[in-house]
$ cat final_1.cif   # mmCIF, C-alpha atoms, pLDDT in the B column; chains and numbers go by the auth columns
data_coords
#
loop_
_atom_site.group_PDB
_atom_site.id
_atom_site.type_symbol
_atom_site.label_atom_id
_atom_site.label_comp_id
_atom_site.label_asym_id
_atom_site.label_seq_id
_atom_site.Cartn_x
_atom_site.Cartn_y
_atom_site.Cartn_z
_atom_site.B_iso_or_equiv
_atom_site.auth_seq_id
_atom_site.auth_asym_id
ATOM 1 C CA MET A 1 1.865 -19.453 -25.416 95.00 1 P
ATOM 2 C CA ILE A 2 -1.214 -21.654 -25.159 97.00 2 P
ATOM 3 C CA CYS A 3 -2.497 -22.631 -21.721 97.00 3 P
ATOM 4 C CA VAL A 4 -4.673 -25.741 -21.847 97.00 4 P
ATOM 5 C CA ALA A 5 -7.534 -25.920 -19.348 96.00 5 P
ATOM 6 C CA LEU A 6 -7.758 -29.387 -17.787 96.00 6 P
ATOM 7 C CA SER A 7 -11.025 -30.279 -16.090 93.00 7 P
ATOM 8 C CA ASP A 8 -11.231 -34.084 -15.958 91.00 8 P
ATOM 9 C CA LYS A 9 -8.855 -36.653 -14.484 93.00 9 P
ATOM 10 C CA ASN A 10 -8.215 -38.437 -17.779 92.00 10 P
ATOM 11 C CA SER A 11 -6.689 -35.261 -19.188 93.00 11 P
ATOM 12 C CA LEU A 12 -3.962 -35.333 -16.530 95.00 12 P
ATOM 13 C CA GLU A 13 -2.292 -38.165 -18.449 92.00 13 P
ATOM 14 C CA ASP A 14 -1.282 -35.608 -21.110 93.00 14 P
ATOM 15 C CA ILE A 15 -0.184 -32.887 -18.711 94.00 15 P
ATOM 16 C CA ASN A 16 3.446 -32.856 -19.882 90.00 16 P
ATOM 17 C CA LYS A 17 2.472 -32.360 -23.521 92.00 17 P
ATOM 18 C CA PHE A 18 1.677 -28.714 -22.818 95.00 18 P
ATOM 19 C CA LYS A 19 3.968 -25.797 -22.054 95.00 19 P
ATOM 20 C CA LEU A 20 1.357 -24.465 -19.639 98.00 20 P
ATOM 21 C CA ALA A 21 -1.817 -26.021 -18.238 98.00 21 P
ATOM 22 C CA GLU A 22 -4.557 -24.747 -15.965 98.00 22 P
ATOM 23 C CA LEU A 23 -5.887 -27.293 -13.486 98.00 23 P
ATOM 24 C CA ARG A 24 -9.526 -26.531 -12.754 97.00 24 P
ATOM 25 C CA LEU A 25 -9.440 -27.979 -9.266 97.00 25 P
ATOM 26 C CA ASP A 26 -13.131 -27.201 -8.733 96.00 26 P
ATOM 27 C CA MET A 27 -13.903 -29.654 -11.558 94.00 27 P
ATOM 28 C CA LEU A 28 -11.145 -32.232 -11.099 95.00 28 P
ATOM 29 C CA LYS A 29 -12.035 -32.824 -7.435 92.00 29 P
ATOM 30 C CA LEU A 30 -8.624 -34.244 -6.516 96.00 30 P
ATOM 31 C CA ASP A 31 -7.872 -35.283 -2.956 96.00 31 P
ATOM 32 C CA ASP A 32 -5.068 -33.695 -0.908 96.00 32 P
ATOM 33 C CA GLY A 33 -2.488 -36.279 -1.908 97.00 33 P
ATOM 34 C CA GLU A 34 -3.349 -36.061 -5.597 97.00 34 P
ATOM 35 C CA ILE A 35 -3.039 -32.271 -5.543 98.00 35 P
ATOM 36 C CA SER A 36 0.335 -32.447 -3.818 97.00 36 P
ATOM 37 C CA GLU A 37 1.590 -35.063 -6.243 97.00 37 P
ATOM 38 C CA VAL A 38 0.536 -33.411 -9.470 97.00 38 P
ATOM 39 C CA PHE A 39 1.852 -29.949 -8.549 98.00 39 P
ATOM 40 C CA SER A 40 5.128 -31.277 -7.130 97.00 40 P
ATOM 41 C CA LYS A 41 5.845 -33.324 -10.262 95.00 41 P
ATOM 42 C CA ASN A 42 4.842 -30.694 -12.831 93.00 42 P
ATOM 43 C CA LYS A 43 6.159 -27.142 -12.824 92.00 43 P
ATOM 44 C CA ASN A 44 4.010 -25.788 -15.651 95.00 44 P
ATOM 45 C CA LEU A 45 0.663 -25.532 -13.886 98.00 45 P
ATOM 46 C CA ILE A 46 -1.868 -22.868 -12.946 98.00 46 P
ATOM 47 C CA ALA A 47 -3.954 -23.682 -9.863 98.00 47 P
ATOM 48 C CA THR A 48 -7.560 -22.512 -10.264 98.00 48 P
ATOM 49 C CA CYS A 49 -10.538 -23.288 -8.035 98.00 49 P
ATOM 50 C CA ARG A 50 -13.722 -21.423 -8.866 94.00 50 P
ATOM 51 C CA GLU A 51 -16.781 -20.931 -6.646 89.00 51 P
ATOM 52 C CA THR A 52 -18.741 -24.007 -7.652 85.00 52 P
ATOM 53 C CA TYR A 53 -18.562 -27.228 -5.679 86.00 53 P
ATOM 54 C CA TYR A 54 -16.357 -26.154 -2.765 94.00 54 P
ATOM 55 C CA SER A 55 -16.919 -23.749 0.105 95.00 55 P
ATOM 56 C CA ARG A 56 -14.735 -20.672 0.589 96.00 56 P
ATOM 57 C CA GLU A 57 -12.658 -22.447 3.245 96.00 57 P
ATOM 58 C CA GLU A 58 -12.244 -25.562 1.115 97.00 58 P
ATOM 59 C CA ARG A 59 -11.160 -23.510 -1.888 97.00 59 P
ATOM 60 C CA LEU A 60 -8.596 -21.647 0.193 97.00 60 P
ATOM 61 C CA TYR A 61 -7.229 -24.920 1.565 98.00 61 P
ATOM 62 C CA ILE A 62 -7.022 -26.453 -1.923 98.00 62 P
ATOM 63 C CA LEU A 63 -5.221 -23.465 -3.424 98.00 63 P
ATOM 64 C CA LYS A 64 -2.765 -23.234 -0.524 98.00 64 P
ATOM 65 C CA ASN A 65 -1.980 -26.918 -0.980 98.00 65 P
ATOM 66 C CA ALA A 66 -1.342 -26.402 -4.692 98.00 66 P
ATOM 67 C CA VAL A 67 0.880 -23.361 -4.076 98.00 67 P
ATOM 68 C CA SER A 68 2.875 -25.106 -1.353 98.00 68 P
ATOM 69 C CA SER A 69 3.312 -28.127 -3.617 98.00 69 P
ATOM 70 C CA GLY A 70 4.880 -26.148 -6.456 98.00 70 P
ATOM 71 C CA ALA A 71 2.231 -24.438 -8.618 98.00 71 P
ATOM 72 C CA ALA A 72 3.725 -22.030 -11.160 98.00 72 P
ATOM 73 C CA TYR A 73 0.672 -19.752 -10.920 98.00 73 P
ATOM 74 C CA VAL A 74 -2.345 -19.405 -8.679 98.00 74 P
ATOM 75 C CA ASP A 75 -5.540 -17.777 -9.942 98.00 75 P
ATOM 76 C CA VAL A 76 -7.348 -15.561 -7.432 98.00 76 P
ATOM 77 C CA GLU A 77 -10.614 -13.884 -8.441 98.00 77 P
ATOM 78 C CA ILE A 78 -10.705 -10.122 -8.004 98.00 78 P
ATOM 79 C CA GLU A 79 -14.013 -10.568 -6.137 97.00 79 P
ATOM 80 C CA ALA A 80 -12.360 -12.683 -3.423 97.00 80 P
ATOM 81 C CA ASP A 81 -12.585 -11.083 0.006 97.00 81 P
ATOM 82 C CA ALA A 82 -9.596 -9.344 1.563 97.00 82 P
ATOM 83 C CA GLU A 83 -8.876 -12.111 4.075 97.00 83 P
ATOM 84 C CA PHE A 84 -8.880 -14.740 1.333 98.00 84 P
ATOM 85 C CA LYS A 85 -6.327 -12.709 -0.621 98.00 85 P
ATOM 86 C CA LYS A 86 -4.226 -12.054 2.488 97.00 86 P
ATOM 87 C CA GLU A 87 -3.879 -15.784 3.063 97.00 87 P
ATOM 88 C CA ILE A 88 -3.089 -16.920 -0.457 98.00 88 P
ATOM 89 C CA ILE A 89 -1.158 -14.072 -2.107 98.00 89 P
ATOM 90 C CA PRO A 90 1.710 -13.700 0.418 98.00 90 P
ATOM 91 C CA LEU A 91 2.089 -17.488 0.484 98.00 91 P
ATOM 92 C CA ALA A 92 2.348 -17.526 -3.306 98.00 92 P
ATOM 93 C CA LYS A 93 4.985 -14.786 -3.295 97.00 93 P
ATOM 94 C CA ASN A 94 6.977 -16.707 -0.683 98.00 94 P
ATOM 95 C CA LYS A 95 6.829 -19.888 -2.777 98.00 95 P
ATOM 96 C CA ASN A 96 7.824 -18.137 -6.038 97.00 96 P
ATOM 97 C CA CYS A 97 4.346 -18.817 -7.397 98.00 97 P
ATOM 98 C CA LYS A 98 3.031 -16.053 -9.641 98.00 98 P
ATOM 99 C CA VAL A 99 -0.373 -14.590 -8.818 98.00 99 P
ATOM 100 C CA ILE A 100 -3.043 -14.183 -11.471 98.00 100 P
ATOM 101 C CA ILE A 101 -5.779 -11.789 -10.378 98.00 101 P
ATOM 102 C CA SER A 102 -8.737 -12.616 -12.590 98.00 102 P
ATOM 103 C CA TYR A 103 -11.954 -10.860 -13.527 98.00 103 P
ATOM 104 C CA HIS A 104 -14.776 -12.668 -15.307 97.00 104 P
ATOM 105 C CA ASN A 105 -17.998 -11.210 -16.673 98.00 105 P
ATOM 106 C CA PHE A 106 -20.223 -13.849 -18.251 96.00 106 P
ATOM 107 C CA ASP A 107 -22.902 -11.392 -19.433 97.00 107 P
ATOM 108 C CA ASN A 108 -21.266 -8.432 -21.093 98.00 108 P
ATOM 109 C CA THR A 109 -18.182 -6.256 -21.491 98.00 109 P
ATOM 110 C CA PRO A 110 -17.860 -3.214 -19.194 98.00 110 P
ATOM 111 C CA SER A 111 -16.770 0.222 -20.331 98.00 111 P
ATOM 112 C CA LYS A 112 -13.114 0.978 -21.044 97.00 112 P
ATOM 113 C CA ASP A 113 -12.899 3.016 -17.838 98.00 113 P
ATOM 114 C CA ASP A 114 -14.310 0.155 -15.784 98.00 114 P
ATOM 115 C CA LEU A 115 -11.850 -2.273 -17.339 98.00 115 P
ATOM 116 C CA GLU A 116 -8.954 0.056 -16.589 98.00 116 P
ATOM 117 C CA ASN A 117 -10.102 0.331 -12.968 98.00 117 P
ATOM 118 C CA ILE A 118 -10.169 -3.472 -12.735 98.00 118 P
ATOM 119 C CA ILE A 119 -6.564 -3.574 -13.919 98.00 119 P
ATOM 120 C CA ILE A 120 -5.539 -0.942 -11.375 98.00 120 P
ATOM 121 C CA GLU A 121 -7.273 -2.787 -8.535 98.00 121 P
ATOM 122 C CA SER A 122 -5.698 -6.095 -9.571 98.00 122 P
ATOM 123 C CA LEU A 123 -2.223 -4.587 -9.545 98.00 123 P
ATOM 124 C CA LYS A 124 -2.837 -3.096 -6.109 97.00 124 P
ATOM 125 C CA ASP A 125 -3.826 -6.566 -4.877 97.00 125 P
ATOM 126 C CA GLY A 126 -0.433 -7.883 -5.984 98.00 126 P
ATOM 127 C CA ALA A 127 -1.092 -9.387 -9.394 98.00 127 P
ATOM 128 C CA ASP A 128 1.879 -10.688 -11.360 98.00 128 P
ATOM 129 C CA VAL A 129 -0.549 -11.243 -14.233 98.00 129 P
ATOM 130 C CA VAL A 130 -3.924 -9.539 -14.691 98.00 130 P
ATOM 131 C CA LYS A 131 -6.568 -11.661 -16.400 98.00 131 P
ATOM 132 C CA ILE A 132 -9.725 -10.087 -17.826 98.00 132 P
ATOM 133 C CA THR A 133 -12.365 -12.249 -19.491 98.00 133 P
ATOM 134 C CA THR A 134 -15.671 -10.723 -20.565 98.00 134 P
ATOM 135 C CA PHE A 135 -18.564 -11.788 -22.759 98.00 135 P
ATOM 136 C CA ALA A 136 -18.574 -10.089 -26.141 98.00 136 P
ATOM 137 C CA ASN A 137 -22.067 -9.364 -27.412 98.00 137 P
ATOM 138 C CA SER A 138 -20.620 -7.572 -30.436 98.00 138 P
ATOM 139 C CA THR A 139 -17.409 -6.953 -32.339 97.00 139 P
ATOM 140 C CA GLU A 140 -17.285 -3.574 -30.581 98.00 140 P
ATOM 141 C CA ASP A 141 -17.023 -5.376 -27.235 98.00 141 P
ATOM 142 C CA ALA A 142 -14.183 -7.502 -28.572 98.00 142 P
ATOM 143 C CA ALA A 143 -12.375 -4.443 -29.916 98.00 143 P
ATOM 144 C CA ARG A 144 -12.735 -2.669 -26.566 98.00 144 P
ATOM 145 C CA VAL A 145 -11.011 -5.511 -24.750 98.00 145 P
ATOM 146 C CA LEU A 146 -8.211 -5.697 -27.308 98.00 146 P
ATOM 147 C CA SER A 147 -7.716 -1.930 -26.981 98.00 147 P
ATOM 148 C CA LEU A 148 -6.429 -2.578 -23.454 98.00 148 P
ATOM 149 C CA TYR A 149 -3.161 -3.680 -25.045 98.00 149 P
ATOM 150 C CA CYS A 150 -2.543 -0.168 -26.391 97.00 150 P
ATOM 151 C CA VAL A 151 -1.262 0.887 -22.959 94.00 151 P
ATOM 152 C CA ASN A 152 2.099 -0.133 -21.527 94.00 152 P
ATOM 153 C CA ARG A 153 1.509 -2.101 -18.339 95.00 153 P
ATOM 154 C CA PRO A 154 3.814 -2.700 -15.354 95.00 154 P
ATOM 155 C CA ARG A 155 2.668 -6.333 -15.292 97.00 155 P
ATOM 156 C CA PRO A 156 1.523 -8.727 -18.026 98.00 156 P
ATOM 157 C CA LEU A 157 -2.113 -8.625 -19.102 98.00 157 P
ATOM 158 C CA THR A 158 -4.098 -11.445 -20.630 98.00 158 P
ATOM 159 C CA ALA A 159 -7.464 -10.087 -21.770 98.00 159 P
ATOM 160 C CA PHE A 160 -9.895 -11.724 -24.173 98.00 160 P
ATOM 161 C CA CYS A 161 -13.595 -12.375 -24.668 98.00 161 P
ATOM 162 C CA MET A 162 -16.030 -15.238 -24.397 97.00 162 P
ATOM 163 C CA GLY A 163 -18.774 -15.874 -26.940 96.00 163 P
ATOM 164 C CA ASP A 164 -18.706 -16.207 -30.716 95.00 164 P
ATOM 165 C CA ALA A 165 -17.984 -12.512 -31.232 97.00 165 P
ATOM 166 C CA GLY A 166 -14.993 -12.801 -28.938 96.00 166 P
ATOM 167 C CA ARG A 167 -13.319 -15.895 -30.359 95.00 167 P
ATOM 168 C CA ILE A 168 -10.842 -13.871 -32.408 96.00 168 P
ATOM 169 C CA THR A 169 -9.609 -12.159 -29.242 98.00 169 P
ATOM 170 C CA ARG A 170 -8.406 -15.509 -27.899 97.00 170 P
ATOM 171 C CA VAL A 171 -5.860 -15.584 -30.705 97.00 171 P
ATOM 172 C CA ALA A 172 -5.213 -11.864 -31.144 97.00 172 P
ATOM 173 C CA CYS A 173 -4.427 -11.279 -27.459 98.00 173 P
ATOM 174 C CA VAL A 174 -1.163 -13.225 -27.685 97.00 174 P
ATOM 175 C CA ARG A 175 -0.085 -11.285 -30.763 95.00 175 P
ATOM 176 C CA LEU A 176 -0.790 -8.063 -28.857 97.00 176 P
ATOM 177 C CA GLY A 177 1.289 -8.988 -25.821 97.00 177 P
ATOM 178 C CA ALA A 178 -0.589 -11.452 -23.595 98.00 178 P
ATOM 179 C CA PRO A 179 1.795 -14.002 -22.049 98.00 179 P
ATOM 180 C CA PHE A 180 -0.672 -16.777 -22.807 98.00 180 P
ATOM 181 C CA THR A 181 -4.198 -17.544 -23.927 98.00 181 P
ATOM 182 C CA TYR A 182 -6.490 -20.398 -22.916 97.00 182 P
ATOM 183 C CA ALA A 183 -7.631 -23.392 -24.962 96.00 183 P
ATOM 184 C CA SER A 184 -9.716 -26.479 -24.231 94.00 184 P
ATOM 185 C CA TYR A 185 -8.210 -29.933 -23.851 94.00 185 P
ATOM 186 C CA SER A 186 -10.790 -31.414 -26.218 88.00 186 P
ATOM 187 C CA GLN A 187 -13.856 -30.396 -28.167 79.00 187 P
ATOM 188 C CA ALA A 188 -16.025 -31.724 -25.331 78.00 188 P
ATOM 189 C CA THR A 189 -14.239 -30.159 -22.369 82.00 189 P
ATOM 190 C CA GLN A 190 -14.599 -26.413 -22.840 77.00 190 P
ATOM 191 C CA THR A 191 -14.393 -24.547 -19.540 78.00 191 P
ATOM 192 C CA ALA A 192 -15.683 -21.277 -21.026 81.00 192 P
ATOM 193 C CA ASN A 193 -17.999 -20.125 -23.797 85.00 193 P
ATOM 194 C CA GLY A 194 -16.117 -19.790 -27.080 85.00 194 P
ATOM 195 C CA GLN A 195 -12.977 -21.539 -25.885 92.00 195 P
ATOM 196 C CA ILE A 196 -10.992 -22.942 -28.811 94.00 196 P
ATOM 197 C CA TYR A 197 -9.772 -26.548 -28.909 94.00 197 P
ATOM 198 C CA TYR A 198 -5.997 -26.799 -28.284 95.00 198 P
ATOM 199 C CA GLU A 199 -5.152 -28.522 -31.565 94.00 199 P
ATOM 200 C CA ASP A 200 -7.134 -25.917 -33.503 94.00 200 P
ATOM 201 C CA MET A 201 -5.414 -23.113 -31.605 94.00 201 P
ATOM 202 C CA ARG A 202 -1.998 -24.597 -32.291 93.00 202 P
ATOM 203 C CA TYR A 203 -2.874 -24.948 -35.990 94.00 203 P
ATOM 204 C CA ILE A 204 -3.813 -21.266 -36.121 94.00 204 P
ATOM 205 C CA PHE A 205 -0.642 -20.110 -34.370 92.00 205 P
ATOM 206 C CA ASP A 206 1.529 -22.210 -36.653 89.00 206 P
ATOM 207 C CA ARG A 207 0.138 -20.304 -39.643 86.00 207 P
ATOM 208 C CA ILE A 208 0.115 -16.690 -38.515 78.00 208 P
#

$ encode --input "final_1.cif" --output "structure tokens"
Amino acid sequence: MICVALSDKNSLEDINKFKLAELRLDMLKLDDGEISEVFSKNKNLIATCRETYYSREERLYILKNAVSSGAAYVDVEIEADAEFKKEIIPLAKNKNCKVIISYHNFDNTPSKDDLENIIIESLKDGADVVKITTFANSTEDAARVLSLYCVNRPRPLTAFCMGDAGRITRVACVRLGAPFTYASYSQATQTANGQIYYEDMRYIFDRI
């Protein structure tokens, strides 16, 4: 499945065209009522709010609003403090909202052992889906991330790489067992380095 990352308000007009969409709430900057409305009307959404514009408390409030309003998934960074996780994860479980524990490394790809430890920690935190996104400086980095699919996991894993060397992993991960991969809404609205445009991603999947 392709998850389309939506980061500007105009893109919300097409929200029902996608089987799954990630709302980058740190970029969309919706007010309380808009968040409640969009998540209550659409049941195919991931709520994500990265550490950019909002404070910790504001991000927690925004994510709790999205979860309470009907988000299908909530993305919680593995680096989030324990109290942050204690407030959002039990609420998500209570609301039948799946928890994505995510790890992002925008510089490089850690060792296989480090990646495995990240998966273990994410599962201990209560992940329903573990997300690992690293920067591939080489094809070896990309191969190391894809090798994570060689192990049977108790919960779904979506792991792929940023950067030109990692672009292939954004397609291959789904073929190896990831429940979904991420694509950009348009050529101009990438939310990560190397992210593939949705229409291009769909074209690829239709032919493999």

$ residues_around --input "final_1.cif" --residues "range 50-56 of chain P" --least-positions-apart "4" --cutoff "10 Å" --atoms "all atoms listed in the file" --output "list in words"
Arg24, Leu25, Asp26, Met27, Lys29, Leu60, Tyr61, Ile62, Asp75, Val76, Glu77, Ala80, Asp81 and Phe84 of chain P

$ residues_around --input "final_1.cif" --residues "range 103-119 of chain P" --least-positions-apart "6" --cutoff "6 Å" --atoms "all atoms listed in the file" --output "list in words"
Ile78, Ile132, Thr133, Thr134, Phe135, Ala136 and Asp141 of chain P

$ write_last_selection --input "final_1.cif" --atoms "C-alpha atoms" --output "CSV table (one decimal), in the coordinates of the input"
chain,number,residue,atom,x,y,z
P,78,ILE,CA,-10.7,-10.1,-8.0
P,132,ILE,CA,-9.7,-10.1,-17.8
P,133,THR,CA,-12.4,-12.2,-19.5
P,134,THR,CA,-15.7,-10.7,-20.6
P,135,PHE,CA,-18.6,-11.8,-22.8
P,136,ALA,CA,-18.6,-10.1,-26.1
P,141,ASP,CA,-17.0,-5.4,-27.2

$ resolve_selection --input "final_1.cif" --expression "the PyMOL selection byres ((chain P and resi 73) around 6)" --output "PDB file with C-alpha atoms, in the coordinates of the input"
ATOM      1  CA  ILE P  46      -1.868 -22.868 -12.946  1.00 98.00           C
ATOM      2  CA  ALA P  71       2.231 -24.438  -8.618  1.00 98.00           C
ATOM      3  CA  ALA P  72       3.725 -22.030 -11.160  1.00 98.00           C
ATOM      4  CA  VAL P  74      -2.345 -19.405  -8.679  1.00 98.00           C
ATOM      5  CA  CYS P  97       4.346 -18.817  -7.397  1.00 98.00           C
ATOM      6  CA  LYS P  98       3.031 -16.053  -9.641  1.00 98.00           C
ATOM      7  CA  VAL P  99      -0.373 -14.590  -8.818  1.00 98.00           C
TER       8      VAL P  99
END

$ residues_around --input "final_1.cif" --residues "Leu176 in chain P" --least-positions-apart "2" --cutoff "10 Å" --atoms "only C-alpha atoms" --output "number ranges by chain"
P: 146-150, 157-159, 169, 171-174, 178-179

$ residues_around --input "final_1.cif" --residues "Gly70 in chain P" --least-positions-apart "3" --cutoff "7 Å" --atoms "all atoms listed in the file" --output "compact mmCIF listing (two decimals) with C-alpha atoms, in the coordinates of the input"
# COMPACT_ATOMS: atom_id res chain seq x y z
CA PHE P 39 1.85 -29.95 -8.55
CA SER P 40 5.13 -31.28 -7.13
CA LYS P 43 6.16 -27.14 -12.82
CA ALA P 66 -1.34 -26.40 -4.69
CA VAL P 67 0.88 -23.36 -4.08

$ resolve_selection --input "final_1.cif" --expression "the PyMOL selection byres ((chain P and resi 183-193) around 6)" --output "list in words"
Val4, Ala5, Met162, Gly163, Tyr182, Gly194, Gln195, Ile196, Tyr197 and Tyr198 of chain P

$ write_last_selection --input "final_1.cif" --atoms "C-alpha atoms" --output "compact mmCIF listing (two decimals), in the coordinates of the input"
# COMPACT_ATOMS: atom_id res chain seq x y z
CA VAL P 4 -4.67 -25.74 -21.85
CA ALA P 5 -7.53 -25.92 -19.35
CA MET P 162 -16.03 -15.24 -24.40
CA GLY P 163 -18.77 -15.87 -26.94
CA TYR P 182 -6.49 -20.40 -22.92
CA GLY P 194 -16.12 -19.79 -27.08
CA GLN P 195 -12.98 -21.54 -25.88
CA ILE P 196 -10.99 -22.94 -28.81
CA TYR P 197 -9.77 -26.55 -28.91
CA TYR P 198 -6.00 -26.80 -28.28

$ atom_distance --input "final_1.cif" --atom1 "CA of Leu91 in chain P" --atom2 "CA of Ala47 in chain P"
13.5 Å

$ atom_distance --input "final_1.cif" --atom1 "CA of Ala92 in chain P" --atom2 "CA of Ser36 in chain P"
15.1 Å

$ axis_aligned_box --input "final_1.cif" --around "range 76-85 of chain P" --padding-each-side "8 Å" --output "AutoDock Vina command-line options"
--center_x -10.2 --center_y -12.5 --center_z -2.2 --size_x 23.7 --size_y 22.2 --size_z 28.5

$ closest_residue --input "final_1.cif" --among "P:Arg170, P:Lys85, P:Lys64, P:Arg207" --to "Asp125 in chain P" --atoms "only C-alpha atoms"
P:Lys85

$ resolve_selection --input "final_1.cif" --expression "the PyMOL selection byres ((chain P and resi 44) around 7)" --output "list in words"
Lys19, Leu20, Ala21, Asn42, Lys43, Leu45 and Ala72 of chain P

$ write_last_selection --input "final_1.cif" --atoms "C-alpha atoms" --output "compact mmCIF listing (two decimals), in the frame of the given file"
# COMPACT_ATOMS: atom_id res chain seq x y z
CA LYS P 19 3.97 -25.80 -22.05
CA LEU P 20 1.36 -24.46 -19.64
CA ALA P 21 -1.82 -26.02 -18.24
CA ASN P 42 4.84 -30.69 -12.83
CA LYS P 43 6.16 -27.14 -12.82
CA LEU P 45 0.66 -25.53 -13.89
CA ALA P 72 3.72 -22.03 -11.16

$ atom_distance --input "final_1.cif" --atom1 "CA of Arg175 in chain P" --atom2 "CA of Ile100 in chain P"
19.7 Å

$ residues_around --input "final_1.cif" --residues "Lys9 in chain P" --least-positions-apart "4" --cutoff "9 Å" --atoms "all atoms listed in the file" --output "PDB file with C-alpha atoms, keeping the file's coordinate frame"
ATOM      1  CA  GLU P  13      -2.292 -38.165 -18.449  1.00 92.00           C
ATOM      2  CA  LEU P  28     -11.145 -32.232 -11.099  1.00 95.00           C
ATOM      3  CA  LYS P  29     -12.035 -32.824  -7.435  1.00 92.00           C
ATOM      4  CA  LEU P  30      -8.624 -34.244  -6.516  1.00 96.00           C
TER       5      LEU P  30
END
